[in-house]
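Shown here: protein_4.txt, compact mmCIF, C-alpha atoms.
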```txt
# COMPACT_ATOMS: atom_id res chain seq x y z
CA MET A 1 26.99 -74.80 -56.04
CA LYS A 2 29.60 -75.82 -53.44
CA THR A 3 30.21 -79.10 -55.27
CA GLN A 4 30.75 -77.25 -58.57
CA THR A 5 33.24 -74.87 -56.92
CA ILE A 6 35.16 -77.76 -55.38
CA LEU A 7 35.19 -79.62 -58.71
CA ALA A 8 36.44 -76.49 -60.50
CA ALA A 9 39.27 -76.10 -57.98
CA ALA A 10 40.13 -79.79 -58.37
CA CYS A 11 40.34 -79.33 -62.16
CA VAL A 12 42.73 -76.40 -61.71
CA ALA A 13 44.80 -78.57 -59.35
CA GLY A 14 44.90 -81.33 -61.97
CA GLY A 15 46.12 -78.82 -64.55
CA LEU A 16 48.89 -77.75 -62.20
CA LEU A 17 49.97 -81.36 -61.79
CA ALA A 18 50.31 -81.70 -65.56
CA ALA A 19 52.50 -78.60 -65.83
CA GLY A 20 56.22 -79.10 -66.26
CA PRO A 21 59.37 -76.98 -66.34
CA ALA A 22 60.14 -74.95 -69.45
CA SER A 23 63.79 -76.05 -69.51
CA ALA A 24 65.69 -79.35 -69.47
CA ALA A 25 66.18 -79.51 -65.70
CA SER A 26 66.84 -82.60 -63.55
CA ARG A 27 65.01 -84.06 -60.57
CA ILE A 28 67.41 -83.59 -57.67
CA GLY A 29 65.31 -84.56 -54.65
CA THR A 30 62.03 -84.33 -52.77
CA LEU A 31 60.69 -81.62 -50.47
CA GLU A 32 57.97 -82.68 -48.03
CA CYS A 33 56.22 -79.99 -45.96
CA ASP A 34 53.78 -80.05 -43.07
CA ILE A 35 51.73 -76.86 -43.37
CA SER A 36 49.81 -75.42 -40.42
CA GLY A 37 46.05 -75.15 -40.54
CA GLY A 38 44.30 -71.84 -40.68
CA VAL A 39 41.42 -69.69 -41.77
CA GLY A 40 41.19 -68.26 -45.29
CA MET A 41 40.24 -64.60 -45.33
CA ILE A 42 38.82 -64.29 -48.87
CA ILE A 43 41.77 -62.32 -50.25
CA GLY A 44 44.50 -64.54 -48.84
CA SER A 45 46.08 -66.52 -46.04
CA ASN A 46 49.38 -67.00 -44.23
CA LYS A 47 50.57 -70.33 -42.72
CA SER A 48 53.77 -71.73 -41.26
CA ALA A 49 55.53 -74.85 -42.58
CA ARG A 50 58.19 -77.31 -41.51
CA CYS A 51 59.83 -79.01 -44.46
CA SER A 52 62.26 -81.87 -45.02
CA TYR A 53 64.38 -82.01 -48.18
CA VAL A 54 65.97 -85.32 -49.22
CA ASP A 55 68.38 -85.25 -52.15
CA ARG A 56 69.03 -88.15 -54.53
CA ALA A 57 71.94 -89.35 -52.37
CA GLY A 58 69.62 -89.56 -49.34
CA ARG A 59 70.98 -86.52 -47.46
CA ARG A 60 68.30 -84.76 -45.42
CA GLU A 61 67.92 -81.05 -44.59
CA VAL A 62 65.23 -79.37 -42.51
CA TYR A 63 63.71 -76.00 -43.47
CA PHE A 64 61.20 -73.73 -41.79
CA GLY A 65 58.83 -71.86 -44.04
CA ASN A 66 56.01 -69.44 -44.49
CA VAL A 67 53.24 -70.06 -47.03
CA SER A 68 51.22 -67.04 -48.21
CA ARG A 69 48.39 -66.98 -50.72
CA LEU A 70 46.92 -64.02 -52.56
CA GLY A 71 43.61 -64.76 -54.24
CA LEU A 72 40.38 -66.55 -53.34
CA ASP A 73 40.85 -68.41 -50.03
CA VAL A 74 37.65 -69.09 -48.11
CA GLY A 75 37.26 -71.61 -45.30
CA VAL A 76 39.08 -73.41 -42.51
CA THR A 77 41.69 -76.15 -42.84
CA GLN A 78 43.60 -78.34 -40.44
CA ARG A 79 47.28 -79.16 -40.91
CA ALA A 80 48.18 -80.26 -44.45
CA ARG A 81 51.02 -82.20 -46.05
CA MET A 82 52.48 -81.33 -49.46
CA VAL A 83 55.18 -83.23 -51.35
CA TRP A 84 57.15 -81.67 -54.23
CA THR A 85 59.73 -82.98 -56.65
CA VAL A 86 62.65 -80.54 -56.57
CA VAL A 87 63.90 -79.76 -60.08
CA ALA A 88 67.00 -77.70 -60.91
CA GLU A 89 69.47 -77.02 -63.71
CA THR A 90 72.23 -78.66 -61.67
CA ARG A 91 72.32 -82.26 -60.47
CA ARG A 92 73.41 -81.38 -56.92
CA LEU A 93 72.78 -78.44 -54.61
CA GLY A 94 74.90 -77.33 -51.65
CA ARG A 95 73.63 -77.29 -48.08
CA GLY A 96 70.86 -74.74 -47.53
CA ALA A 97 70.46 -74.13 -51.27
CA LEU A 98 66.66 -74.39 -51.18
CA ALA A 99 66.55 -71.28 -48.97
CA GLY A 100 64.76 -68.36 -50.57
CA ASN A 101 61.46 -67.24 -51.99
CA TYR A 102 59.26 -69.27 -54.34
CA ALA A 103 56.07 -68.22 -56.11
CA GLY A 104 53.55 -69.77 -58.45
CA ALA A 105 50.01 -71.00 -59.01
CA ALA A 106 48.00 -72.94 -56.43
CA ALA A 107 44.57 -74.55 -56.08
CA ASP A 108 43.03 -76.34 -53.07
CA ALA A 109 39.56 -77.63 -52.22
CA SER A 110 38.21 -79.51 -49.19
CA LEU A 111 34.87 -80.69 -47.97
CA GLY A 112 35.93 -82.91 -45.06
CA VAL A 113 38.95 -84.44 -46.80
CA GLY A 114 40.45 -82.60 -49.75
CA GLY A 115 43.57 -81.73 -51.61
CA GLY A 116 45.38 -79.30 -53.80
CA ALA A 117 48.41 -78.68 -55.97
CA LYS A 118 51.02 -75.97 -56.26
CA ILE A 119 53.85 -75.40 -58.72
CA LEU A 120 56.42 -72.92 -57.43
CA VAL A 121 59.60 -71.41 -58.89
CA GLY A 122 62.33 -69.66 -56.92
CA GLY A 123 65.33 -70.32 -54.71
CA SER A 124 68.78 -69.24 -55.77
CA ASN A 125 68.35 -66.93 -58.79
CA ASN A 126 64.96 -68.55 -59.55
CA THR A 127 66.72 -71.74 -60.68
CA ILE A 128 64.69 -74.25 -58.64
CA THR A 129 61.19 -75.51 -59.43
CA LEU A 130 58.96 -77.28 -56.92
CA GLN A 131 56.59 -79.53 -58.86
CA PRO A 132 53.72 -81.37 -57.15
CA LEU A 133 54.72 -85.01 -56.63
CA SER A 134 51.47 -85.83 -54.89
CA VAL A 135 48.36 -83.79 -54.34
CA GLN A 136 48.31 -81.96 -51.01
CA ALA A 137 46.32 -83.83 -48.37
CA GLN A 138 44.26 -81.70 -46.01
CA ARG A 139 41.12 -81.74 -43.89
CA GLY A 140 38.63 -78.93 -43.59
CA VAL A 141 36.08 -76.93 -45.54
CA ASN A 142 37.66 -74.52 -48.01
CA VAL A 143 38.18 -73.40 -51.59
CA ALA A 144 41.38 -71.61 -52.55
CA VAL A 145 42.78 -70.54 -55.93
CA GLY A 146 45.47 -67.95 -56.47
CA VAL A 147 49.12 -67.04 -56.41
CA GLU A 148 51.06 -68.68 -53.64
CA SER A 149 54.48 -67.92 -52.21
CA LEU A 150 56.74 -70.06 -50.04
CA THR A 151 59.73 -68.70 -48.14
CA LEU A 152 62.20 -71.33 -46.92
CA THR A 153 64.90 -70.85 -44.25
CA PRO A 154 67.30 -73.68 -43.31
CA ALA A 155 66.63 -74.90 -39.75
CA MET A 156 70.32 -74.40 -38.91
CA ARG A 157 70.00 -70.64 -39.71
CA ALA A 158 66.55 -70.21 -38.15
CA ARG A 159 67.80 -71.32 -34.70
CA ARG A 160 70.40 -68.56 -34.40
```

Mind turning the file's structure into structure tokens?
Amino acid sequence: MKTQTILAAACVAGGLLAAGPASAASRIGTLECDISGGVGMIIGSNKSARCSYVDRAGRREVYFGNVSRLGLDVGVTQRARMVWTVVAETRRLGRGALAGNYAGAAADASLGVGGGAKILVGGSNNTITLQPLSVQAQRGVNVAVGVESLTLTPAMRARR
């Protein structure tokens, strides 16, 4: 039964990876986040994140974040790493432009080593899409499927 649940979550994750934006947007950079470990409480979870955004010109920005999930989330995970391709209608964003709220579908599964995928839309006027570039790598025992949100704050603002 556990194996079937993990395989089902992995299939959902694969479907998320195949999803793409509805519009003709451009890849403008990469967002890589280290997400804290935690315990899923059946109806959701809340974890902190530290993210690094690198645009196509190689400029780097640091963001602090909060990842919340509403849906099935059962188990315990250690720290995870997620990498997204950042897609937007414009070719270049100003400093701190990734700040804001993102939401979308997510699926994770672990039995020792596991993974997951999330596709999130948000940012400035919901014009930025975070598409999974690689499946999330995590350790633990969990199954999670639901709606996920990510709130990003530039590190330069968070320190004040």

Could you name the residues that touch segment 33-39 of chain A at 7 Å or less, counting all atoms listed in the file, but leaving out those on the same chain fewer than 4 positions away, as a list of chain:residue names?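 Residues meeting the cut-off are A:Lys47, A:Ser48, A:Ala49, A:Arg50, A:Cys51, A:Ser52, A:Gly75, A:Val76, A:Thr77, A:Gln78, A:Arg79, A:Ala80, A:Arg81, A:Met82, A:Val83.
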
For each of A:Leu72, A:Leu150, A:Val87, A:Ala144, take the minimum atom-to-atom distance to Leu130 of chain A, counting all atoms listed in the file, then give the residue where this is smallest.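 Looking at the shortest contact to Leu130 of chain A, the residue is A:Val87.
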
What's the separation between atom CA of Asp108 of chain A and atom CA of Ile28 of chain A, in Å to one decimal place?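 That distance, rounded to one decimal, is 25.8 Å.
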
Using atom CA of Tyr53 of chain A and atom CA of Thr127 of chain A as the two end points, give the distance in Å to one decimal.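 Computing it gives 16.3 Å between the two atoms.
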
Find the residues around Lys118 of chain A up to 7 Å (only C-alpha atoms counted), leave out those fewer than 3 positions away in its own chain, and share them as a PyMOL selection string. chain A and resi 16+105-107+132

Calculate how many Å separate atom CA of Arg92 of chain A from atom CA of Thr151 of chain A, rounding to one decimal.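 Atom CA of Thr151 of chain A lies 20.6 Å from atom CA of Arg92 of chain A.
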
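Among A:Glu89, A:Leu120, A:Leu70, A:Val145, the residue with the shortest atom-to-atom distance to Asn46 of chain A, counting only C-alpha atoms, is A:Leu70.
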
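When all atoms listed in the file are used to compute distances to Glu32 of chain A, the closest of the residues A:Ser149, A:Thr85, A:Ser68, A:Ser45 turns out to be A:Thr85.
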